[in-house]
file work_8.cif (mmCIF, C-alpha atoms)
data_query
loop_
_atom_site.group_PDB
_atom_site.id
_atom_site.type_symbol
_atom_site.label_atom_id
_atom_site.label_comp_id
_atom_site.auth_asym_id
_atom_site.auth_seq_id
_atom_site.Cartn_x
_atom_site.Cartn_y
_atom_site.Cartn_z
ATOM 1 C CA MET O 52 148.639 -8.016 30.524
ATOM 2 C CA ILE O 53 152.091 -9.621 30.362
ATOM 3 C CA VAL O 54 152.918 -11.717 33.428
ATOM 4 C CA VAL O 55 156.461 -12.818 34.214
ATOM 5 C CA ARG O 56 156.871 -15.787 36.544
ATOM 6 C CA PHE O 57 160.082 -15.066 38.417
ATOM 7 C CA THR O 58 162.496 -17.738 39.560
ATOM 8 C CA GLY O 59 166.085 -17.879 40.777
ATOM 9 C CA GLY O 60 168.368 -15.183 42.069
ATOM 10 C CA LEU O 61 168.763 -11.542 41.124
ATOM 11 C CA GLY O 62 170.648 -12.179 37.879
ATOM 12 C CA ASN O 63 167.965 -14.544 36.584
ATOM 13 C CA GLN O 64 165.258 -12.119 37.676
ATOM 14 C CA MET O 65 166.873 -9.371 35.602
ATOM 15 C CA PHE O 66 166.839 -11.491 32.453
ATOM 16 C CA GLN O 67 163.189 -12.360 33.098
ATOM 17 C CA TYR O 68 162.279 -8.725 33.729
ATOM 18 C CA ALA O 69 164.072 -7.511 30.605
ATOM 19 C CA LEU O 70 162.130 -9.877 28.350
ATOM 20 C CA GLY O 71 158.821 -9.120 30.060
ATOM 21 C CA ARG O 72 159.416 -5.378 29.857
ATOM 22 C CA HIS O 73 160.161 -5.613 26.149
ATOM 23 C CA LEU O 74 157.034 -7.668 25.488
ATOM 24 C CA ALA O 75 154.945 -5.191 27.469
ATOM 25 C CA LEU O 76 156.287 -2.320 25.364
ATOM 26 C CA ILE O 77 155.779 -4.205 22.097
ATOM 27 C CA HIS O 78 152.162 -5.084 22.890
ATOM 28 C CA LYS O 79 151.362 -1.929 24.896
ATOM 29 C CA ARG O 80 150.222 -3.921 27.931
ATOM 30 C CA HIS O 81 150.644 -3.746 31.678
ATOM 31 C CA LEU O 82 153.481 -5.784 33.186
ATOM 32 C CA ARG O 83 152.802 -7.949 36.234
ATOM 33 C CA PHE O 84 155.216 -9.930 38.416
ATOM 34 C CA ASP O 85 154.369 -13.432 39.600
ATOM 35 C CA VAL O 86 156.556 -13.825 42.701
ATOM 36 C CA SER O 87 154.569 -16.664 44.242
ATOM 37 C CA GLY O 88 157.602 -18.950 44.107
ATOM 38 C CA TYR O 89 159.454 -16.885 46.718
ATOM 39 C CA VAL O 90 158.380 -18.080 50.143
ATOM 40 C CA ASP O 91 161.531 -17.587 52.254
ATOM 41 C CA ASP O 92 162.337 -14.411 54.157
ATOM 42 C CA LYS O 93 166.124 -14.776 54.317
ATOM 43 C CA PRO O 94 168.572 -15.674 51.517
ATOM 44 C CA ASP O 95 171.213 -18.384 51.856
ATOM 45 C CA ALA O 96 174.010 -18.453 49.277
ATOM 46 C CA LYS O 97 175.279 -21.853 50.387
ATOM 47 C CA THR O 98 171.969 -23.640 49.754
ATOM 48 C CA GLY O 99 170.663 -21.495 46.900
ATOM 49 C CA VAL O 100 167.744 -19.846 48.742
ATOM 50 C CA ARG O 101 166.891 -16.627 46.873
ATOM 51 C CA LEU O 102 164.549 -13.705 47.445
ATOM 52 C CA PHE O 103 162.742 -11.508 44.948
ATOM 53 C CA GLY O 104 165.133 -8.593 44.598
ATOM 54 C CA LEU O 105 163.806 -6.281 41.880
ATOM 55 C CA SER O 106 161.909 -4.120 44.364
ATOM 56 C CA SER O 107 165.198 -2.330 45.049
ATOM 57 C CA PHE O 108 165.391 -1.150 41.421
ATOM 58 C CA ARG O 109 163.546 1.365 39.239
ATOM 59 C CA VAL O 110 161.551 -1.297 37.449
ATOM 60 C CA GLU O 111 158.215 -0.697 35.734
ATOM 61 C CA GLY O 112 155.481 -3.137 36.726
ATOM 62 C CA GLU O 113 153.544 -4.384 39.727
ATOM 63 C CA ILE O 114 153.237 -7.551 41.766
ATOM 64 C CA ALA O 115 150.355 -9.590 40.331
ATOM 65 C CA SER O 116 147.320 -10.122 42.526
ATOM 66 C CA ARG O 117 145.912 -13.553 43.266
ATOM 67 C CA ASP O 118 142.961 -12.801 41.005
ATOM 68 C CA GLU O 119 145.252 -11.861 38.116
ATOM 69 C CA LEU O 120 147.116 -15.157 38.450
ATOM 70 C CA GLU O 121 143.990 -17.304 38.688
ATOM 71 C CA VAL O 122 143.720 -17.829 34.919
ATOM 72 C CA PHE O 123 147.149 -19.527 34.915
ATOM 73 C CA GLN O 124 146.453 -21.937 37.766
ATOM 74 C CA PRO O 125 145.479 -24.933 35.556
ATOM 75 C CA HIS O 126 148.992 -24.808 34.073
ATOM 76 C CA ARG O 127 150.541 -25.085 37.536
ATOM 77 C CA ALA O 128 148.415 -27.956 38.763
ATOM 78 C CA VAL O 129 150.306 -31.009 39.972
ATOM 79 C CA GLY O 130 149.520 -34.501 38.756
ATOM 80 C CA LEU O 131 148.080 -35.764 35.495
ATOM 81 C CA GLY O 132 145.650 -32.871 35.008
ATOM 82 C CA GLY O 133 148.395 -30.266 35.057
ATOM 83 C CA ARG O 134 150.623 -32.284 32.733
ATOM 84 C CA VAL O 135 147.790 -32.623 30.206
ATOM 85 C CA VAL O 136 147.060 -28.873 30.249
ATOM 86 C CA ARG O 137 150.716 -28.032 29.738
ATOM 87 C CA ALA O 138 151.129 -30.603 26.964
ATOM 88 C CA ILE O 139 148.083 -29.262 25.088
ATOM 89 C CA ASP O 140 149.303 -25.684 25.441
ATOM 90 C CA ARG O 141 152.738 -26.551 24.036
ATOM 91 C CA CYS O 142 151.092 -27.953 20.896
ATOM 92 C CA LYS O 143 149.316 -24.685 20.151
ATOM 93 C CA PRO O 144 150.757 -21.917 17.978
ATOM 94 C CA LEU O 145 152.692 -19.358 19.994
ATOM 95 C CA ALA O 146 149.935 -16.759 19.589
ATOM 96 C CA GLN O 147 147.372 -19.052 21.265
ATOM 97 C CA ARG O 148 149.336 -20.157 24.318
ATOM 98 C CA ARG O 149 148.214 -18.923 27.702
ATOM 99 C CA VAL O 150 151.618 -19.793 29.176
ATOM 100 C CA ILE O 151 154.818 -19.591 27.130
ATOM 101 C CA GLN O 152 157.380 -21.924 28.663
ATOM 102 C CA GLU O 153 160.984 -21.756 27.525
ATOM 103 C CA ARG O 154 162.163 -25.156 26.325
ATOM 104 C CA MET O 155 165.323 -26.593 27.840
ATOM 105 C CA ASP O 156 166.722 -26.920 24.318
ATOM 106 C CA ASP O 157 166.314 -23.154 23.851
ATOM 107 C CA ARG O 158 168.284 -22.056 26.894
ATOM 108 C CA TRP O 159 171.040 -19.592 25.936
ATOM 109 C CA GLN O 160 169.557 -19.358 22.445
ATOM 110 C CA PHE O 161 167.523 -16.475 21.030
ATOM 111 C CA ARG O 162 164.110 -17.254 19.545
ATOM 112 C CA PRO O 163 163.121 -14.104 17.605
ATOM 113 C CA GLU O 164 159.546 -15.306 17.020
ATOM 114 C CA LEU O 165 158.782 -14.594 20.674
ATOM 115 C CA LEU O 166 159.236 -10.876 19.987
ATOM 116 C CA SER O 167 157.490 -10.853 16.608
ATOM 117 C CA SER O 168 154.434 -13.012 17.315
ATOM 118 C CA HIS O 169 151.038 -11.852 18.498
ATOM 119 C CA LEU O 170 150.432 -13.083 22.054
ATOM 120 C CA ALA O 171 147.323 -14.091 23.956
ATOM 121 C CA ASP O 172 146.028 -11.641 26.553
ATOM 122 C CA PRO O 173 146.782 -12.227 29.347
ATOM 123 C CA VAL O 174 149.875 -14.358 28.839
ATOM 124 C CA CYS O 175 152.484 -15.633 31.258
ATOM 125 C CA VAL O 176 156.125 -16.172 30.253
ATOM 126 C CA VAL O 177 158.125 -18.769 32.159
ATOM 127 C CA GLY O 178 161.837 -19.337 31.653
ATOM 128 C CA LEU O 179 165.301 -17.889 32.068
ATOM 129 C CA TRP O 180 165.756 -16.121 28.697
ATOM 130 C CA HIS O 181 169.551 -15.842 29.045
ATOM 131 C CA THR O 182 170.466 -13.576 26.149
ATOM 132 C CA GLU O 183 170.571 -9.825 25.645
ATOM 133 C CA LYS O 184 169.048 -10.350 22.202
ATOM 134 C CA TYR O 185 165.607 -10.372 23.843
ATOM 135 C CA PHE O 186 166.093 -6.748 24.902
ATOM 136 C CA ALA O 187 169.032 -5.365 22.899
ATOM 137 C CA SER O 188 166.800 -2.888 21.063
ATOM 138 C CA ILE O 189 165.706 -1.340 24.374
ATOM 139 C CA ALA O 190 169.089 -1.632 26.104
ATOM 140 C CA SER O 191 169.090 1.985 27.285
ATOM 141 C CA THR O 192 165.649 1.501 28.903
ATOM 142 C CA ILE O 193 166.752 -1.684 30.683
ATOM 143 C CA ARG O 194 169.981 -0.090 31.909
ATOM 144 C CA SER O 195 168.023 2.859 33.257
ATOM 145 C CA GLU O 196 165.387 0.778 35.020
ATOM 146 C CA LEU O 197 167.845 -1.692 36.535
ATOM 147 C CA GLN O 198 169.430 1.039 38.627
ATOM 148 C CA VAL O 199 169.138 0.956 42.422
ATOM 149 C CA LYS O 200 166.418 3.357 43.587
ATOM 150 C CA SER O 201 168.054 4.601 46.770
ATOM 151 C CA ALA O 202 171.315 6.550 46.923
ATOM 152 C CA ALA O 203 174.434 4.785 48.170
ATOM 153 C CA THR O 204 175.440 5.643 51.736
ATOM 154 C CA ASN O 205 178.341 5.142 54.146
ATOM 155 C CA GLU O 206 180.787 2.411 53.085
ATOM 156 C CA ASN O 207 179.125 1.868 49.713
ATOM 157 C CA ALA O 208 179.248 5.566 48.857
ATOM 158 C CA ALA O 209 182.931 5.725 49.817
ATOM 159 C CA MET O 210 183.717 2.649 47.740
ATOM 160 C CA LEU O 211 181.885 4.056 44.711
ATOM 161 C CA ALA O 212 184.077 7.149 44.885
ATOM 162 C CA GLU O 213 187.218 5.010 45.128
ATOM 163 C CA ILE O 214 186.123 2.831 42.209
ATOM 164 C CA ALA O 215 185.587 5.922 40.065
ATOM 165 C CA SER O 216 189.100 7.212 40.790
ATOM 166 C CA THR O 217 191.013 4.013 39.931
ATOM 167 C CA ASP O 218 191.437 1.528 37.087
ATOM 168 C CA SER O 219 188.863 -0.593 38.866
ATOM 169 C CA VAL O 220 188.226 -4.240 37.978
ATOM 170 C CA ALA O 221 185.227 -6.156 39.327
ATOM 171 C CA VAL O 222 186.054 -9.822 39.924
ATOM 172 C CA HIS O 223 183.149 -12.118 40.695
ATOM 173 C CA VAL O 224 183.506 -15.564 42.269
ATOM 174 C CA ARG O 225 180.434 -17.735 42.609
ATOM 175 C CA HIS O 226 181.348 -20.544 44.933
ATOM 176 C CA GLY O 227 178.593 -21.120 47.542
ATOM 177 C CA ASP O 228 175.796 -23.135 45.959
ATOM 178 C CA ASN O 229 177.956 -24.010 42.939
ATOM 179 C CA VAL O 230 179.695 -26.611 45.081
ATOM 180 C CA THR O 231 176.573 -27.759 46.950
ATOM 181 C CA VAL O 232 173.232 -27.753 45.109
ATOM 182 C CA GLU O 233 174.320 -26.386 41.680
ATOM 183 C CA LYS O 234 176.980 -28.992 40.976
ATOM 184 C CA ALA O 235 176.463 -28.882 37.205
ATOM 185 C CA HIS O 236 177.697 -25.297 37.393
ATOM 186 C CA GLY O 237 180.672 -26.214 39.511
ATOM 187 C CA ALA O 238 183.231 -23.736 40.821
ATOM 188 C CA LEU O 239 185.559 -22.136 38.294
ATOM 189 C CA PRO O 240 189.212 -23.078 38.801
ATOM 190 C CA VAL O 241 191.650 -20.531 40.154
ATOM 191 C CA SER O 242 193.559 -20.845 36.861
ATOM 192 C CA TYR O 243 190.681 -19.068 35.071
ATOM 193 C CA TYR O 244 191.046 -16.024 37.309
ATOM 194 C CA GLN O 245 194.834 -16.097 36.957
ATOM 195 C CA GLN O 246 194.604 -16.156 33.180
ATOM 196 C CA ALA O 247 191.996 -13.372 33.104
ATOM 197 C CA SER O 248 194.052 -11.112 35.366
ATOM 198 C CA GLN O 249 197.190 -11.740 33.287
ATOM 199 C CA ARG O 250 195.346 -10.857 30.085
ATOM 200 C CA LEU O 251 193.896 -7.724 31.653
ATOM 201 C CA GLN O 252 197.257 -6.539 32.983
ATOM 202 C CA GLN O 253 198.592 -6.536 29.428
ATOM 203 C CA CYS O 254 196.116 -3.713 28.720
ATOM 204 C CA VAL O 255 195.664 -1.986 32.096
ATOM 205 C CA SER O 256 198.877 -0.832 33.771
ATOM 206 C CA ASN O 257 197.634 -0.333 37.336
ATOM 207 C CA PRO O 258 194.422 -2.337 37.921
ATOM 208 C CA ARG O 259 192.659 -2.142 41.271
ATOM 209 C CA TYR O 260 190.727 -5.363 41.895
ATOM 210 C CA TYR O 261 187.406 -5.463 43.757
ATOM 211 C CA VAL O 262 186.427 -9.050 44.517
ATOM 212 C CA PHE O 263 182.781 -9.975 45.060
ATOM 213 C CA SER O 264 181.774 -13.471 46.150
ATOM 214 C CA ASP O 265 179.061 -15.461 47.879
ATOM 215 C CA ASP O 266 181.966 -17.128 49.732
ATOM 216 C CA PRO O 267 184.401 -14.294 50.536
ATOM 217 C CA THR O 268 186.515 -16.487 52.832
ATOM 218 C CA TRP O 269 187.224 -18.936 49.995
ATOM 219 C CA ALA O 270 187.857 -16.112 47.523
ATOM 220 C CA LYS O 271 190.346 -14.360 49.805
ATOM 221 C CA ALA O 272 192.229 -17.613 50.428
ATOM 222 C CA ASN O 273 192.441 -18.563 46.745
ATOM 223 C CA LEU O 274 192.831 -15.237 44.921
ATOM 224 C CA ALA O 275 195.809 -13.921 46.884
ATOM 225 C CA PHE O 276 197.735 -13.594 43.593
ATOM 226 C CA LEU O 277 195.655 -10.472 42.859
ATOM 227 C CA GLY O 278 197.775 -8.612 45.398
ATOM 228 C CA GLU O 279 196.254 -5.820 47.469
ATOM 229 C CA ALA O 280 192.745 -6.456 46.202
ATOM 230 C CA VAL O 281 189.628 -5.232 47.975
ATOM 231 C CA PHE O 282 187.469 -8.161 49.063
ATOM 232 C CA VAL O 283 183.954 -6.750 49.314
ATOM 233 C CA SER O 284 181.915 -8.498 52.003
ATOM 234 C CA HIS O 285 180.058 -5.802 53.955
ATOM 235 C CA ASN O 286 176.738 -6.028 52.103
ATOM 236 C CA GLY O 287 175.915 -9.752 52.191
ATOM 237 C CA ASP O 288 173.052 -11.435 50.359
ATOM 238 C CA GLU O 289 170.494 -9.179 52.039
ATOM 239 C CA LYS O 290 171.926 -6.207 50.117
ATOM 240 C CA ASN O 291 173.164 -7.852 46.954
ATOM 241 C CA HIS O 292 171.756 -4.923 44.976
ATOM 242 C CA GLU O 293 174.487 -2.801 46.583
ATOM 243 C CA ASP O 294 177.155 -5.228 45.392
ATOM 244 C CA LEU O 295 175.675 -5.116 41.901
ATOM 245 C CA ARG O 296 175.833 -1.318 41.932
ATOM 246 C CA LEU O 297 179.492 -1.436 42.978
ATOM 247 C CA MET O 298 180.306 -4.047 40.335
ATOM 248 C CA SER O 299 178.637 -2.098 37.547
ATOM 249 C CA ALA O 300 180.577 1.031 38.565
ATOM 250 C CA CYS O 301 183.907 -0.706 37.850
ATOM 251 C CA LYS O 302 185.685 0.012 34.585
ATOM 252 C CA HIS O 303 186.543 -3.605 33.755
ATOM 253 C CA HIS O 304 185.193 -7.039 34.665
ATOM 254 C CA ILE O 305 186.291 -10.615 35.255
ATOM 255 C CA VAL O 306 182.982 -12.452 35.180
ATOM 256 C CA GLY O 307 182.216 -15.666 37.060
ATOM 257 C CA ASN O 308 179.839 -18.425 35.974
ATOM 258 C CA SER O 309 176.920 -16.459 37.334
ATOM 259 C CA THR O 310 174.178 -14.326 35.820
ATOM 260 C CA PHE O 311 174.761 -11.912 38.718
ATOM 261 C CA SER O 312 178.206 -10.972 37.424
ATOM 262 C CA TRP O 313 176.916 -11.053 33.814
ATOM 263 C CA TRP O 314 174.648 -8.184 34.789
ATOM 264 C CA GLY O 315 177.386 -6.404 36.700
ATOM 265 C CA ALA O 316 179.389 -6.229 33.480
ATOM 266 C CA TRP O 317 176.456 -5.533 31.149
ATOM 267 C CA LEU O 318 175.015 -2.731 33.278
ATOM 268 C CA GLY O 319 178.505 -1.293 33.642
ATOM 269 C CA GLU O 320 179.241 -1.009 29.924
ATOM 270 C CA LYS O 321 181.672 1.867 29.337
ATOM 271 C CA GLU O 322 183.982 3.047 26.578
ATOM 272 C CA GLY O 323 187.149 0.978 26.674
ATOM 273 C CA GLN O 324 185.620 -1.648 28.966
ATOM 274 C CA LEU O 325 187.356 -5.030 29.081
ATOM 275 C CA VAL O 326 185.247 -8.065 30.020
ATOM 276 C CA TYR O 327 186.622 -11.576 30.489
ATOM 277 C CA ALA O 328 184.186 -14.457 30.905
ATOM 278 C CA PRO O 329 184.408 -18.265 31.170
ATOM 279 C CA ARG O 330 183.780 -20.063 27.908
ATOM 280 C CA GLN O 331 182.418 -23.025 29.906
ATOM 281 C CA TYR O 332 179.678 -21.586 32.102
ATOM 282 C CA HIS O 333 179.011 -25.092 33.433
ATOM 283 C CA VAL O 334 182.203 -26.746 34.620
ATOM 284 C CA ALA O 335 180.637 -30.176 35.131
ATOM 285 C CA ALA O 336 178.324 -30.350 32.087
ATOM 286 C CA THR O 337 178.619 -30.004 28.314
ATOM 287 C CA TYR O 338 176.344 -27.261 27.011
ATOM 288 C CA THR O 339 176.725 -24.668 24.289
ATOM 289 C CA TYR O 340 175.853 -20.995 24.762
ATOM 290 C CA PRO O 341 175.316 -19.491 21.310
ATOM 291 C CA ASP O 342 173.666 -16.268 22.480
ATOM 292 C CA TYR O 343 174.535 -15.940 26.175
ATOM 293 C CA TYR O 344 177.628 -13.752 25.967
ATOM 294 C CA PRO O 345 177.764 -10.366 24.218
ATOM 295 C CA ALA O 346 179.959 -10.470 21.136
ATOM 296 C CA ASN O 347 182.524 -7.988 22.459
ATOM 297 C CA TRP O 348 183.406 -9.998 25.600
ATOM 298 C CA THR O 349 186.582 -12.089 25.680
ATOM 299 C CA LEU O 350 185.938 -15.747 26.503
ATOM 300 C CA LEU O 351 188.602 -17.776 28.261
ATOM 301 C CA PRO O 352 188.823 -21.526 28.933
ATOM 302 C CA ALA O 353 187.603 -22.534 32.369
ATOM 303 C CA ILE O 354 188.372 -26.266 32.445
#
call {"tool": "encode", "arguments": {"input": "work_8.cif", "output": "structure tokens"}}
result
Amino acid sequence: MIVVRFTGGLGNQMFQYALGRHLALIHKRHLRFDVSGYVDDKPDAKTGVRLFGLSSFRVEGEIASRDELEVFQPHRAVGLGGRVVRAIDRCKPLAQRRVIQERMDDRWQFRPELLSSHLADPVCVVGLWHTEKYFASIASTIRSELQVKSAATNENAAMLAEIASTDSVAVHVRHGDNVTVEKAHGALPVSYYQQASQRLQQCVSNPRYYVFSDDPTWAKANLAFLGEAVFVSHNGDEKNHEDLRLMSACKHHIVGNSTFSWWGAWLGEKEGQLVYAPRQYHVAATYTYPDYYPANWTLLPAI
């Protein structure tokens, strides 16, 4: 059994699922979802409250039972006992660890030994795993399974048809919790979006912009230079899977500093697709991202 401990919003959950799914296929094991960290029943973009959202997609795997998670409880214990268990586990070879925790130093960096090593059974993987290199060899499987299960209806169905008939460009603006609780991320400056749209218009003669944001009021006030853009706000956080479907249907993408828009662009890969992304994912911190962005995306300065 491969258990994935899910954390964060939908974009993070997709990275976590993609790694877990690949490990399950490699080792021919069942995939289980540890969603015990999700205790709220309503999302809040401004404060960073997220819900488990993969149930809306065609994913393979099941929610883990309490009994299935019991073996991992010593690793989650608070206090000295839990710290000792985790410290001992980190000293073991990868193949002997009951819980594989991504190190902070490894974020945005591919560690191929995770895919090539034998793993304990059961094992729980904990981390963000922000690179397509963990699932590039099964990309078609991941793209198929991260499709919304239900058919689009009403306004979403009409918008999908419109997107298909235009030179559509998905623009994503993460602003809500990036200026409250996720201050290391920070909000991307308007100049980034101006530069991206100028670069895109050199290649696309008649772009039709579709703007997605957790703060649509701010986006509409600050991205007026896009002209007669469509500011998509009818789904809300409760139906963010619908926004992701709309984003991935667009032909081109201007990505925000958000894993949500990363997936909108990656799932929407098409021939001739243009993707612009911020070189500095974190506006207020100095990190490097050696494996986060696909090689064919165009990175632009964001600070």
call {"tool": "atom_distance", "arguments": {"input": "work_8.cif", "atom1": "atom CA of O:Glu206", "atom2": "atom CA of O:His285"}}
result
8.3 Å
call {"tool": "resolve_selection", "arguments": {"input": "work_8.cif", "expression": "the PyMOL selection byres ((chain O and resi 115-121) around 10)", "output": "MDAnalysis selection string"}}
result
chainID O and resid 52 54:56 82:87 112:114 122:125 173 175
call {"tool": "resolve_selection", "arguments": {"input": "work_8.cif", "expression": "the PyMOL selection byres ((chain O and resi 290-305) around 7)", "output": "ChimeraX atom specification"}}
result
/O:199,211,214,218-223,247,286-289,306-307,315-316,318-319,321,324-328
call {"tool": "residues_around", "arguments": {"input": "work_8.cif", "residues": "O:Tyr344", "least_positions_apart": "5", "cutoff": "10 Å", "atoms": "only C-alpha atoms", "output": "number ranges by chain"}}
result
O: 159, 181-184, 313, 317, 328-330, 349-350
call {"tool": "axis_aligned_box", "arguments": {"input": "work_8.cif", "around": "stretch 322-336 of chain O", "padding_each_side": "8 Å", "output": "AutoDock Vina command-line options"}}
result
--center_x 182.8 --center_y -13.7 --center_z 30.9 --size_x 25.0 --size_y 49.4 --size_z 24.6
call {"tool": "atom_distance", "arguments": {"input": "work_8.cif", "atom1": "atom CA of O:Tyr68", "atom2": "atom CA of O:Lys200"}}
result
16.1 Å
call {"tool": "residues_near_point", "arguments": {"input": "work_8.cif", "point": "(165.0, -9.3, 30.7)", "cutoff": "12 Å", "atoms": "all atoms listed in the file", "output": "PDB file with C-alpha atoms, in the frame of the given file"}}
result
ATOM      1  CA  VAL O  55     156.461 -12.818  34.214  1.00  0.00           C
ATOM      2  CA  ARG O  56     156.871 -15.787  36.544  1.00  0.00           C
ATOM      3  CA  PHE O  57     160.082 -15.066  38.417  1.00  0.00           C
ATOM      4  CA  LEU O  61     168.763 -11.542  41.124  1.00  0.00           C
ATOM      5  CA  GLY O  62     170.648 -12.179  37.879  1.00  0.00           C
ATOM      6  CA  ASN O  63     167.965 -14.544  36.584  1.00  0.00           C
ATOM      7  CA  GLN O  64     165.258 -12.119  37.676  1.00  0.00           C
ATOM      8  CA  MET O  65     166.873  -9.371  35.602  1.00  0.00           C
ATOM      9  CA  PHE O  66     166.839 -11.491  32.453  1.00  0.00           C
ATOM     10  CA  GLN O  67     163.189 -12.360  33.098  1.00  0.00           C
ATOM     11  CA  TYR O  68     162.279  -8.725  33.729  1.00  0.00           C
ATOM     12  CA  ALA O  69     164.072  -7.511  30.605  1.00  0.00           C
ATOM     13  CA  LEU O  70     162.130  -9.877  28.350  1.00  0.00           C
ATOM     14  CA  GLY O  71     158.821  -9.120  30.060  1.00  0.00           C
ATOM     15  CA  ARG O  72     159.416  -5.378  29.857  1.00  0.00           C
ATOM     16  CA  HIS O  73     160.161  -5.613  26.149  1.00  0.00           C
ATOM     17  CA  LEU O  74     157.034  -7.668  25.488  1.00  0.00           C
ATOM     18  CA  ALA O  75     154.945  -5.191  27.469  1.00  0.00           C
ATOM     19  CA  LEU O 105     163.806  -6.281  41.880  1.00  0.00           C
ATOM     20  CA  VAL O 110     161.551  -1.297  37.449  1.00  0.00           C
ATOM     21  CA  VAL O 176     156.125 -16.172  30.253  1.00  0.00           C
ATOM     22  CA  VAL O 177     158.125 -18.769  32.159  1.00  0.00           C
ATOM     23  CA  GLY O 178     161.837 -19.337  31.653  1.00  0.00           C
ATOM     24  CA  LEU O 179     165.301 -17.889  32.068  1.00  0.00           C
ATOM     25  CA  TRP O 180     165.756 -16.121  28.697  1.00  0.00           C
ATOM     26  CA  HIS O 181     169.551 -15.842  29.045  1.00  0.00           C
ATOM     27  CA  THR O 182     170.466 -13.576  26.149  1.00  0.00           C
ATOM     28  CA  GLU O 183     170.571  -9.825  25.645  1.00  0.00           C
ATOM     29  CA  LYS O 184     169.048 -10.350  22.202  1.00  0.00           C
ATOM     30  CA  TYR O 185     165.607 -10.372  23.843  1.00  0.00           C
ATOM     31  CA  PHE O 186     166.093  -6.748  24.902  1.00  0.00           C
ATOM     32  CA  ALA O 187     169.032  -5.365  22.899  1.00  0.00           C
ATOM     33  CA  SER O 188     166.800  -2.888  21.063  1.00  0.00           C
ATOM     34  CA  ILE O 189     165.706  -1.340  24.374  1.00  0.00           C
ATOM     35  CA  ALA O 190     169.089  -1.632  26.104  1.00  0.00           C
ATOM     36  CA  THR O 192     165.649   1.501  28.903  1.00  0.00           C
ATOM     37  CA  ILE O 193     166.752  -1.684  30.683  1.00  0.00           C
ATOM     38  CA  ARG O 194     169.981  -0.090  31.909  1.00  0.00           C
ATOM     39  CA  GLU O 196     165.387   0.778  35.020  1.00  0.00           C
ATOM     40  CA  LEU O 197     167.845  -1.692  36.535  1.00  0.00           C
ATOM     41  CA  THR O 310     174.178 -14.326  35.820  1.00  0.00           C
ATOM     42  CA  TRP O 314     174.648  -8.184  34.789  1.00  0.00           C
TER      43      TRP O 314
END
call {"tool": "closest_residue", "arguments": {"input": "work_8.cif", "among": "O:Ser168, O:Pro144, O:Val135, O:Met210", "to": "O:Ile77", "atoms": "only C-alpha atoms"}}
result
O:Ser168
call {"tool": "residues_around", "arguments": {"input": "work_8.cif", "residues": "O:Ser248", "least_positions_apart": "3", "cutoff": "8 Å", "atoms": "all atoms listed in the file", "output": "compact mmCIF listing (two decimals) with C-alpha atoms, in the coordinates of the input"}}
result
# COMPACT_ATOMS: atom_id res chain seq x y z
CA TYR O 244 191.05 -16.02 37.31
CA GLN O 245 194.83 -16.10 36.96
CA LEU O 251 193.90 -7.72 31.65
CA GLN O 252 197.26 -6.54 32.98
CA LEU O 277 195.66 -10.47 42.86
CA ILE O 305 186.29 -10.62 35.26
call {"tool": "atom_distance", "arguments": {"input": "work_8.cif", "atom1": "atom CA of O:Pro345", "atom2": "atom CA of O:Tyr332"}}
result
13.8 Å
call {"tool": "resolve_selection", "arguments": {"input": "work_8.cif", "expression": "the PyMOL selection byres ((chain O and resi 335-338) around 6)", "output": "PyMOL selection string"}}
result
chain O and resi 235+237+333-334+339
call {"tool": "write_last_selection", "arguments": {"input": "work_8.cif", "atoms": "C-alpha atoms", "output": "PDB file, in the frame of the given file"}}
result
ATOM      1  CA  ALA O 235     176.463 -28.882  37.205  1.00  0.00           C
ATOM      2  CA  GLY O 237     180.672 -26.214  39.511  1.00  0.00           C
ATOM      3  CA  HIS O 333     179.011 -25.092  33.433  1.00  0.00           C
ATOM      4  CA  VAL O 334     182.203 -26.746  34.620  1.00  0.00           C
ATOM      5  CA  THR O 339     176.725 -24.668  24.289  1.00  0.00           C
TER       6      THR O 339
END
call {"tool": "closest_residue", "arguments": {"input": "work_8.cif", "among": "O:Arg158, O:Phe282, O:Gln253, O:Glu111", "to": "O:His81", "atoms": "only C-alpha atoms"}}
result
O:Glu111
call {"tool": "closest_residue", "arguments": {"input": "work_8.cif", "among": "O:Thr58, O:Asn257, O:Ser195, O:Asn308", "to": "O:Ser216", "atoms": "all atoms listed in the file"}}
result
O:Asn257
call {"tool": "residues_near_point", "arguments": {"input": "work_8.cif", "point": "(147.8, -15.9, 19.9)", "cutoff": "7 Å", "atoms": "only C-alpha atoms", "output": "list in words"}}
result
Pro144, Leu145, Ala146, Gln147, Arg148, His169, Leu170 and Ala171 of chain O
call {"tool": "closest_residue", "arguments": {"input": "work_8.cif", "among": "O:Gly104, O:Pro163, O:Pro352, O:Pro267", "to": "O:Arg225", "atoms": "all atoms listed in the file"}}
result
O:Pro267
call {"tool": "closest_residue", "arguments": {"input": "work_8.cif", "among": "O:Asn273, O:Leu166, O:Tyr260, O:His126", "to": "O:Leu239", "atoms": "all atoms listed in the file"}}
result
O:Asn273
